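A.B. asks: My structure file my_file-v6.txt, compact mmCIF, C-alpha atoms and all ligand atoms, is below:
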# COMPACT_ATOMS: atom_id res chain seq x y z
CA MET A 29 -31.14 -19.10 -25.86
CA SER A 30 -27.46 -20.05 -25.91
CA GLY A 31 -26.56 -21.20 -29.45
CA PRO A 32 -23.22 -22.73 -30.43
CA ALA A 33 -20.25 -22.79 -28.07
CA LEU A 34 -18.50 -19.47 -27.55
CA ARG A 35 -14.91 -19.55 -28.84
CA LEU A 36 -12.35 -17.32 -27.18
CA THR A 37 -8.62 -17.28 -26.64
CA VAL A 38 -8.30 -16.66 -22.92
CA ASN A 39 -4.87 -15.85 -21.54
CA GLY A 40 -3.34 -17.42 -24.63
CA GLN A 41 -5.38 -20.63 -24.43
CA PRO A 42 -8.01 -21.52 -27.06
CA THR A 43 -11.18 -21.89 -25.03
CA SER A 44 -14.64 -23.12 -25.90
CA VAL A 45 -17.53 -22.33 -23.57
CA ALA A 46 -20.85 -24.10 -23.97
CA ASP A 47 -24.31 -22.83 -23.10
CA VAL A 48 -23.50 -19.13 -22.86
CA PRO A 49 -26.78 -17.19 -23.09
CA THR A 50 -26.87 -14.25 -25.48
CA ASP A 51 -27.34 -11.81 -22.59
CA GLU A 52 -24.50 -13.08 -20.40
CA ARG A 53 -21.86 -10.53 -19.41
CA LEU A 54 -18.21 -11.29 -20.07
CA LEU A 55 -17.64 -10.74 -16.34
CA ASP A 56 -19.87 -13.71 -15.49
CA THR A 57 -18.37 -15.94 -18.18
CA LEU A 58 -14.89 -15.27 -16.82
CA ARG A 59 -15.70 -15.54 -13.13
CA TRP A 60 -18.30 -18.28 -13.02
CA ARG A 61 -17.72 -20.45 -16.09
CA LEU A 62 -13.93 -20.15 -16.42
CA ASN A 63 -13.19 -19.68 -12.71
CA LEU A 64 -11.07 -16.58 -13.35
CA ARG A 65 -12.05 -14.70 -10.20
CA GLY A 66 -9.28 -12.12 -10.40
CA THR A 67 -11.55 -9.92 -12.49
CA LYS A 68 -13.68 -8.11 -9.90
CA GLU A 69 -17.25 -6.96 -9.85
CA GLY A 70 -17.64 -3.52 -8.30
CA CYS A 71 -20.30 -1.11 -9.47
CA ARG A 72 -21.76 -3.23 -12.33
CA THR A 73 -22.47 0.00 -14.19
CA GLY A 74 -19.17 0.88 -15.86
CA ASP A 75 -18.15 3.43 -13.23
CA CYS A 76 -15.36 1.82 -11.19
CA GLY A 77 -13.02 -0.07 -13.55
CA ALA A 78 -12.70 -3.09 -11.25
CA CYS A 79 -13.78 -5.45 -14.04
CA THR A 80 -11.28 -4.22 -16.65
CA VAL A 81 -9.83 -6.89 -18.96
CA LEU A 82 -8.05 -6.70 -22.30
CA VAL A 83 -9.70 -7.72 -25.54
CA ASP A 84 -7.08 -7.88 -28.26
CA ASN A 85 -4.97 -5.54 -26.08
CA GLU A 86 -7.66 -2.88 -25.64
CA SER A 87 -9.16 -2.38 -22.21
CA VAL A 88 -12.79 -3.33 -21.90
CA LEU A 89 -15.21 -3.26 -18.98
CA ALA A 90 -16.35 -6.84 -18.55
CA CYS A 91 -19.50 -5.77 -16.69
CA LEU A 92 -20.77 -3.93 -19.76
CA THR A 93 -19.66 -6.40 -22.43
CA LEU A 94 -21.68 -9.33 -23.68
CA ALA A 95 -19.52 -12.43 -23.89
CA ARG A 96 -21.02 -13.53 -27.20
CA GLU A 97 -19.98 -10.29 -28.88
CA LEU A 98 -16.37 -11.43 -28.45
CA ASP A 99 -16.62 -14.73 -30.32
CA GLY A 100 -13.20 -15.44 -31.87
CA ARG A 101 -11.38 -12.69 -29.93
CA ALA A 102 -8.49 -12.84 -27.46
CA VAL A 103 -9.22 -11.95 -23.84
CA THR A 104 -6.51 -11.34 -21.25
CA THR A 105 -7.31 -11.20 -17.55
CA ILE A 106 -5.19 -10.43 -14.51
CA GLU A 107 -4.36 -14.16 -14.31
CA GLY A 108 -2.57 -14.00 -17.67
CA VAL A 109 -1.25 -10.45 -17.91
CA HIS A 110 2.22 -11.41 -16.60
CA ALA A 111 2.89 -13.14 -19.93
CA ASP A 112 3.03 -9.71 -21.53
CA PRO A 113 6.29 -7.81 -20.80
CA VAL A 114 4.41 -4.56 -20.18
CA GLY A 115 1.83 -6.30 -18.00
CA GLU A 116 4.58 -7.94 -15.99
CA LYS A 117 6.26 -4.57 -15.35
CA VAL A 118 2.96 -3.02 -14.33
CA GLN A 119 2.26 -5.83 -11.86
CA LYS A 120 5.73 -5.49 -10.39
CA ALA A 121 5.31 -1.73 -10.02
CA PHE A 122 2.16 -2.25 -7.94
CA VAL A 123 3.93 -4.81 -5.76
CA GLU A 124 7.09 -2.75 -5.32
CA GLU A 125 5.14 0.38 -4.38
CA VAL A 126 2.75 -1.65 -2.19
CA ALA A 127 -0.03 0.06 -4.10
CA LEU A 128 -2.90 -1.88 -2.62
CA GLN A 129 -4.87 -2.12 0.58
CA CYS A 130 -7.76 -4.57 0.16
CA GLY A 131 -6.63 -5.16 -3.43
CA TYR A 132 -10.13 -5.19 -4.90
CA CYS A 133 -9.38 -2.43 -7.42
CA THR A 134 -5.86 -3.64 -8.24
CA PRO A 135 -6.60 -6.04 -11.13
CA GLY A 136 -8.58 -3.33 -12.88
CA TYR A 137 -5.76 -0.81 -12.46
CA VAL A 138 -3.16 -3.30 -13.71
CA MET A 139 -5.19 -4.16 -16.80
CA ALA A 140 -6.11 -0.56 -17.64
CA LEU A 141 -2.53 0.65 -17.16
CA THR A 142 -1.14 -2.22 -19.23
CA SER A 143 -3.46 -1.33 -22.07
CA LEU A 144 -2.52 2.38 -21.92
CA LEU A 145 1.23 1.71 -21.87
CA LYS A 146 1.00 -0.75 -24.74
CA GLU A 147 -0.99 1.74 -26.76
CA ARG A 148 1.18 4.76 -25.89
CA PRO A 149 4.62 3.65 -24.69
CA ALA A 150 5.98 7.22 -24.78
CA ALA A 151 3.19 8.72 -22.66
CA GLU A 152 4.11 10.65 -19.51
CA THR A 153 2.73 9.97 -16.04
CA PRO A 154 0.26 12.92 -15.89
CA GLU A 155 -1.57 11.93 -19.06
CA ILE A 156 -1.68 8.30 -18.01
CA LEU A 157 -3.11 9.29 -14.62
CA GLU A 158 -5.72 11.37 -16.42
CA ASP A 159 -6.74 8.35 -18.48
CA LEU A 160 -6.96 6.17 -15.38
CA GLN A 161 -9.64 8.34 -13.82
CA GLY A 162 -12.27 5.73 -14.67
CA ASN A 163 -10.61 3.39 -12.16
CA LEU A 164 -11.62 3.95 -8.55
CA CYS A 165 -10.10 2.75 -5.29
CA ARG A 166 -12.62 2.49 -2.48
CA CYS A 167 -9.77 2.30 0.03
CA THR A 168 -8.55 5.63 -1.40
CA GLY A 169 -4.95 4.46 -1.67
CA TYR A 170 -4.31 6.88 -4.48
CA LEU A 171 -0.87 8.11 -3.40
CA ALA A 172 0.65 4.63 -3.66
CA ILE A 173 -1.27 3.95 -6.87
CA ARG A 174 0.20 7.14 -8.36
CA ARG A 175 3.68 6.01 -7.36
CA ALA A 176 3.09 2.63 -9.00
CA VAL A 177 1.83 4.27 -12.16
CA ASP A 178 4.87 6.54 -12.26
CA ARG A 179 7.21 3.58 -11.75
CA ALA A 180 5.48 1.59 -14.48
CA VAL A 181 5.66 4.53 -16.89
CA ARG A 182 9.39 4.86 -16.23
CA GLU A 183 10.23 1.15 -16.31
CA ALA A 184 7.85 -0.46 -18.81
CA PRO A 185 9.68 -1.87 -21.85
S1 LIG B 201 -17.83 -3.48 -12.17
FE1 LIG B 201 -17.43 -2.92 -14.22
S2 LIG B 201 -16.91 -0.83 -14.12
FE2 LIG B 201 -17.44 -1.32 -12.07
S1 LIG B 202 -7.13 -1.16 -2.47
FE1 LIG B 202 -9.16 -1.48 -1.76
S2 LIG B 202 -10.40 -0.73 -3.35
FE2 LIG B 202 -8.40 -0.14 -3.92
Starting from the coordinates I provided, produce the structure as C-alpha cells.
C.D. replies:
Amino acid sequence: MSGPALRLTVNGQPTSVADVPTDERLLDTLRWRLNLRGTKEGCRTGDCGACTVLVDNESVLACLTLARELDGRAVTTIEGVHADPVGEKVQKAFVEEVALQCGYCTPGYVMALTSLLKERPAAETPEILEDLQGNLCRCTGYLAIRRAVDRAVREAP
C-alpha cells in the first residue's frame, strides 16, 4: 500500500516521491529513491547515529523513522547541510581536525552536532559531547572527533 505521492522539502528542494509504502523507512527513501547515499546505515536499531538527518532542524534517526510520517516536512541530509551556516562550520571543523578515518560515522556526527549547536548556540563542549554519546565511531577516532566538536563549538556562528 503506497497511497499518494510523499511530499517533502529535501535540502531546500520541494520533492515528490511516488509509490512510497507506508512501512518504508526514511533511510531507504533517502538512499534508494532520492540517491542521497551520504546518510549511512549502521546498526539499523537506533544505536549508532550513522543515519542522523535533520527534520525541521531537529535531529532524527532515519532508520527508525517512517518516511510517510514526514509528509510536508523539511529534511536536511549531509548533502545539503553546508547551506546552513552552522552546518558549514561543523563540516569545516571535521575537515580541519581530520576527524575521520573511514568516514562512515561522519555524516551522522555532522548532522547531530549541527542540530545541537542550532538548538543551543551557547552550549559548552562538555555538554555537547555528552549529548553526542548516541553517535558511535567504529574506527574509535574519538580524540579527533572531540577536537572537531570543540572547534565547532568555538567557531559556529
Ligand atoms: S543506523 Fe540508525 S542509528 Fe544506527
Ligand atoms: S571514522 Fe570510521 S566509523 Fe568513524
A.B. asks: For a test of reading the model, state the distance in Å between CA of Arg35 (chain A) and atom FE2 of ligand LIG 201 (chain B), rounded to one decimal.
C.D. replies: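 A separation of 24.9 Å between them.
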A.B. asks: Take CA of Asp56 (chain A) and CA of Asp112 (chain A) and report the distance between them in Å, one decimal.
C.D. replies: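 These two atoms are separated by 24.0 Å.
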A.B. asks: Pick out the residues no farther than 6 Å from ligand LIG 202 (chain B), counting only C-alpha atoms and all ligand atoms, and list them as a list in words.
C.D. replies: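 So, counting only C-alpha atoms and all ligand atoms, the residues near ligand LIG 202 (chain B) are Leu128, Gln129, Cys130, Gly131, Tyr132, Cys133, Cys165, Arg166 and Cys167 of chain A.
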A.B. asks: For ligand LIG 201 (chain B), list the contacting residues at 6 Å or closer, counting all atoms listed in the file, as a PDB file with C-alpha atoms, keeping the file's coordinate frame.
C.D. replies:
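So the final result, stored in result-v4.pdb, reads:
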ATOM      1  CA  GLU A  69     -17.250  -6.960  -9.850  1.00  0.00           C
ATOM      2  CA  GLY A  70     -17.640  -3.520  -8.300  1.00  0.00           C
ATOM      3  CA  CYS A  71     -20.300  -1.110  -9.470  1.00  0.00           C
ATOM      4  CA  ARG A  72     -21.760  -3.230 -12.330  1.00  0.00           C
ATOM      5  CA  THR A  73     -22.470   0.000 -14.190  1.00  0.00           C
ATOM      6  CA  GLY A  74     -19.170   0.880 -15.860  1.00  0.00           C
ATOM      7  CA  ASP A  75     -18.150   3.430 -13.230  1.00  0.00           C
ATOM      8  CA  CYS A  76     -15.360   1.820 -11.190  1.00  0.00           C
ATOM      9  CA  GLY A  77     -13.020  -0.070 -13.550  1.00  0.00           C
ATOM     10  CA  ALA A  78     -12.700  -3.090 -11.250  1.00  0.00           C
ATOM     11  CA  CYS A  79     -13.780  -5.450 -14.040  1.00  0.00           C
ATOM     12  CA  LEU A  89     -15.210  -3.260 -18.980  1.00  0.00           C
ATOM     13  CA  ALA A  90     -16.350  -6.840 -18.550  1.00  0.00           C
ATOM     14  CA  CYS A  91     -19.500  -5.770 -16.690  1.00  0.00           C
TER      15      CYS A  91
END
A.B. asks: Could you check how far CA of Gly40 (chain A) sits from CA of Leu92 (chain A), in Å to one decimal?
C.D. replies: 22.6 Å
A.B. asks: Using only C-alpha atoms, determine which residues lie at most 12 Å from Gln41 (chain A), disregarding the query and same-chain residues fewer than 5 positions distant; provide the list as a list in words.
C.D. replies: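 Contacts, with the query itself left out: Arg35, Leu36, Leu62, Gly100, Arg101, Ala102, Val103, Thr104, Thr105 and Gly108 of chain A.
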